[in-house]
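**Q** Provided herewith is a single structure, encoded as structure tokens, for subsequent inquiry.
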Amino acid sequence: MTLGVVLVTGITGFIGTHTALAFLEAGYTVRGTARSAAKAEDWIARFSQHKAQYEYAVVEDIAASGAFDEAVKGCTIIAHIASPAHWNQNDNETDLLIPAINGTKNLLYATKNEPRIARVVFTSSLAAIIEPTREPGKIVVETEWNPTTYEEAKAATNPTIVYRASKALAERAFWDYIKDENPTWAGSTICPCATYGPPIQPLRSISALNTSVSFLWDLASGKFKDGVPGGPPVYVDVRDVALAHVRAVERDVAKNQRYLLVAGSNIPDEFADVISRHFPRLRDNLPPIDLSKAGQSHFKFDASKVQRELGIQFTSVERMVVDTVTSILLLQQQFDTSGL
């Protein structure tokens, strides 16, 4: 007997995979959504120990009307993670804004088809919180909002602005639905920053790594040998993000709450230092390391709420970087062996 059926949208993605496993390991049945049956079956083939507690639903296009109407039936919990997460859009609306916003709305309206749904957790982002013009030194907390409008995002030429807006506007749609429709279920949102950790989702090549993990691998593999570009100023481990999803639907204190997940500030030199110490064969790939600015990031935040209310103890940067690089090296060996 399981604790209930959890619909995990976007199960084949980086955060989706870890979140699904967190629910499975906690004793739930997981129904994952994927774009095709082949992708859904490939996913469970990698985690066959959980096959008895796994189901899937094919959702080819999350932005299509009624996309989740059938997928939600029989579920008691939803973790909505599926959303575009990239910076290579050709069209701001069709590639990012519409899928993020309409995909969320479609899922929310689909909950009317299943009265047994008790909790819904929405995966948002620090991008939905932080203001593009935030002054240096300001402490970032859950109550803030990225103010970018749809029209501003539609016209933007900077892909980062469009992505951030897509997360903020989709999360606003989530809270607006709760306010306007007064559903029988309670909602929560999880807002992680740049997320690292072992890439265990189905992949066909190293080039298919998600954006944040790709940054770390670019550092380890020599792409930044002559100098590292800015990079994300904060980090969190994907396993902490996954656990936060589980705790958010299990704890009453999380009802109608928003959680910021930031484990710490970093400069790329800190990542490089960990790689240098734990992976000697990669040292020649690394840029010069200067730790004099460690701990002096201008980015300030308060993520104590998720620690206090959901009991999240953030994974150290040391373990996060070591586990991420170790996993990528193993993937590289597999791809080389298989000829992919």
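Residues are named by chain letter and number: chains run A, B, ... in the order of the structure tokens, numbers start at 1 in each chain, and ligands are numbered from 1 in the order shown.
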Listing only residues of segment 160-278 of chain A within 8 Å of segment 74-88 of chain A, what is the closest atom pair and its distance in Å (to one decimal) for each, using only C-alpha atoms, sorted by chain and residue number ascending, as CSV?

**A**
```
residue,atom,partner,partner_atom,distance
A:Thr160,CA,A:Trp87,CA,6.4
A:Tyr163,CA,A:Trp87,CA,7.0
A:Thr211,CA,A:His86,CA,7.0
A:His245,CA,A:Ala79,CA,7.2
A:Val249,CA,A:Ile77,CA,7.4
```

**Q** Select from segment 168-244 of chain A every residue with an atom at most 10 Å from any atom of segment 20-23 of chain A, then for each give the shortest pair of atoms and their distance in Å to one decimal, using only C-alpha atoms, rows by chain and rising number, as a tab-separated table.

**A**
```
residue	atom	partner	partner_atom	distance
A:Arg239	CA	A:Ala22	CA	8.1
A:Asp240	CA	A:Ala22	CA	9.8
A:Val241	CA	A:Ala22	CA	9.8
A:Ala242	CA	A:Ala22	CA	6.1
A:Leu243	CA	A:Ala22	CA	6.1
A:Ala244	CA	A:Ala22	CA	9.4
```

**Q** Just the residues within 9 Å of His298 of chain A, please, counting only C-alpha atoms, with nothing from its chain fewer than 6 positions along; format it as a PyMOL selection string.

**A** chain A and resi 136-138+233+265

**Q** When you count only C-alpha atoms, which of these residues is closest to Ile44 of chain A: A:Val59, A:Val72, A:Ile161, A:Ile11?

**A**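 When distances to Ile44 of chain A are compared using only C-alpha atoms, the smallest one comes from A:Ile11.
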
**Q** DSSP on the backbone, helix (DSSP H, G or I) only: what residues of segment 198-281 of chain A does that give? Format it as JSON, numbers by chain.

**A** {"A": [206, 207, 208, 211, 212, 213, 214, 215, 216, 217, 218, 219, 220, 221, 238, 239, 240, 241, 242, 243, 244, 245, 246, 247, 248, 249, 250, 252, 253, 254, 268, 269, 270, 271, 272, 273, 274, 275, 276, 277, 278, 280, 281]}

**Q** Just the selected residues (N, CA and C atoms), exported as a compact mmCIF listing (two decimals), in the first residue's frame, please.

**A**
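Ended up saving to out_2.txt:
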```
# COMPACT_ATOMS: atom_id res chain seq x y z
N ILE A 206 26.56 14.13 -23.24
CA ILE A 206 26.96 15.14 -22.26
C ILE A 206 26.40 16.51 -22.64
N SER A 207 26.26 16.76 -23.92
CA SER A 207 25.76 18.06 -24.37
C SER A 207 24.31 18.29 -23.98
N ALA A 208 23.61 17.23 -23.54
CA ALA A 208 22.20 17.35 -23.15
C ALA A 208 22.03 17.67 -21.66
N THR A 211 21.25 23.30 -17.88
CA THR A 211 22.08 24.49 -17.96
C THR A 211 23.06 24.64 -16.80
N SER A 212 22.58 24.51 -15.57
CA SER A 212 23.46 24.75 -14.43
C SER A 212 24.54 23.67 -14.32
N VAL A 213 24.16 22.42 -14.51
CA VAL A 213 25.14 21.33 -14.45
C VAL A 213 26.14 21.47 -15.61
N SER A 214 25.66 21.92 -16.76
CA SER A 214 26.58 22.16 -17.89
C SER A 214 27.65 23.17 -17.53
N PHE A 215 27.26 24.21 -16.79
CA PHE A 215 28.23 25.23 -16.38
C PHE A 215 29.34 24.59 -15.53
N LEU A 216 28.95 23.73 -14.60
CA LEU A 216 29.94 23.08 -13.76
C LEU A 216 30.84 22.15 -14.57
N TRP A 217 30.25 21.43 -15.53
CA TRP A 217 31.05 20.54 -16.35
C TRP A 217 31.97 21.33 -17.29
N ASP A 218 31.50 22.44 -17.81
CA ASP A 218 32.35 23.29 -18.64
C ASP A 218 33.59 23.73 -17.86
N LEU A 219 33.38 24.03 -16.59
CA LEU A 219 34.50 24.41 -15.72
C LEU A 219 35.46 23.24 -15.55
N ALA A 220 34.92 22.06 -15.28
CA ALA A 220 35.77 20.88 -15.02
C ALA A 220 36.46 20.36 -16.27
N SER A 221 35.84 20.56 -17.43
CA SER A 221 36.37 19.95 -18.65
C SER A 221 37.29 20.86 -19.46
N VAL A 238 20.21 19.60 -6.06
CA VAL A 238 18.93 19.11 -6.56
C VAL A 238 18.25 18.16 -5.58
N ARG A 239 19.03 17.44 -4.80
CA ARG A 239 18.43 16.51 -3.84
C ARG A 239 17.71 17.24 -2.71
N ASP A 240 18.20 18.43 -2.38
CA ASP A 240 17.50 19.26 -1.40
C ASP A 240 16.21 19.82 -2.00
N VAL A 241 16.26 20.18 -3.26
CA VAL A 241 15.07 20.68 -3.95
C VAL A 241 14.01 19.59 -4.01
N ALA A 242 14.43 18.38 -4.33
CA ALA A 242 13.49 17.25 -4.42
C ALA A 242 12.83 16.98 -3.07
N LEU A 243 13.63 16.96 -2.02
CA LEU A 243 13.09 16.69 -0.69
C LEU A 243 12.13 17.80 -0.27
N ALA A 244 12.41 19.02 -0.66
CA ALA A 244 11.52 20.13 -0.32
C ALA A 244 10.14 19.93 -0.94
N HIS A 245 10.07 19.35 -2.13
CA HIS A 245 8.78 19.05 -2.75
C HIS A 245 7.97 18.07 -1.89
N VAL A 246 8.64 17.03 -1.42
CA VAL A 246 7.96 16.03 -0.59
C VAL A 246 7.48 16.65 0.71
N ARG A 247 8.36 17.39 1.37
CA ARG A 247 7.99 18.00 2.65
C ARG A 247 6.88 19.04 2.46
N ALA A 248 6.86 19.72 1.33
CA ALA A 248 5.86 20.76 1.09
C ALA A 248 4.45 20.21 1.00
N VAL A 249 4.31 18.95 0.57
CA VAL A 249 2.97 18.37 0.48
C VAL A 249 2.63 17.52 1.70
N GLU A 250 3.58 17.33 2.58
CA GLU A 250 3.34 16.51 3.77
C GLU A 250 3.11 17.34 5.03
N ASP A 252 1.60 20.54 7.16
CA ASP A 252 0.53 21.54 7.15
C ASP A 252 1.07 22.96 7.12
N VAL A 253 2.22 23.16 7.72
CA VAL A 253 2.79 24.51 7.77
C VAL A 253 3.09 25.04 6.38
N ALA A 254 3.23 24.15 5.40
CA ALA A 254 3.59 24.56 4.04
C ALA A 254 2.40 25.01 3.21
N PRO A 268 33.06 31.07 -8.88
CA PRO A 268 33.48 29.87 -9.60
C PRO A 268 34.77 29.25 -9.07
N ASP A 269 35.62 30.09 -8.47
CA ASP A 269 36.88 29.58 -7.92
C ASP A 269 36.63 28.52 -6.84
N GLU A 270 35.53 28.64 -6.12
CA GLU A 270 35.23 27.66 -5.07
C GLU A 270 34.91 26.30 -5.69
N PHE A 271 34.12 26.31 -6.77
CA PHE A 271 33.84 25.07 -7.48
C PHE A 271 35.15 24.48 -8.01
N ALA A 272 35.98 25.34 -8.60
CA ALA A 272 37.25 24.87 -9.18
C ALA A 272 38.16 24.29 -8.11
N ASP A 273 38.15 24.89 -6.93
CA ASP A 273 38.97 24.40 -5.83
C ASP A 273 38.55 22.99 -5.42
N VAL A 274 37.26 22.75 -5.32
CA VAL A 274 36.76 21.42 -4.96
C VAL A 274 37.17 20.41 -6.02
N ILE A 275 37.01 20.78 -7.29
CA ILE A 275 37.38 19.88 -8.38
C ILE A 275 38.87 19.57 -8.33
N SER A 276 39.67 20.58 -8.10
CA SER A 276 41.13 20.39 -8.06
C SER A 276 41.54 19.42 -6.97
N ARG A 277 40.91 19.54 -5.81
CA ARG A 277 41.29 18.70 -4.68
C ARG A 277 40.80 17.26 -4.80
N HIS A 278 39.66 17.06 -5.44
CA HIS A 278 39.07 15.72 -5.50
C HIS A 278 39.30 14.99 -6.82
N PRO A 280 42.30 15.10 -9.27
CA PRO A 280 43.62 15.58 -9.71
C PRO A 280 43.79 15.55 -11.23
N ARG A 281 43.18 14.56 -11.87
CA ARG A 281 43.39 14.46 -13.33
C ARG A 281 42.70 15.58 -14.10
```
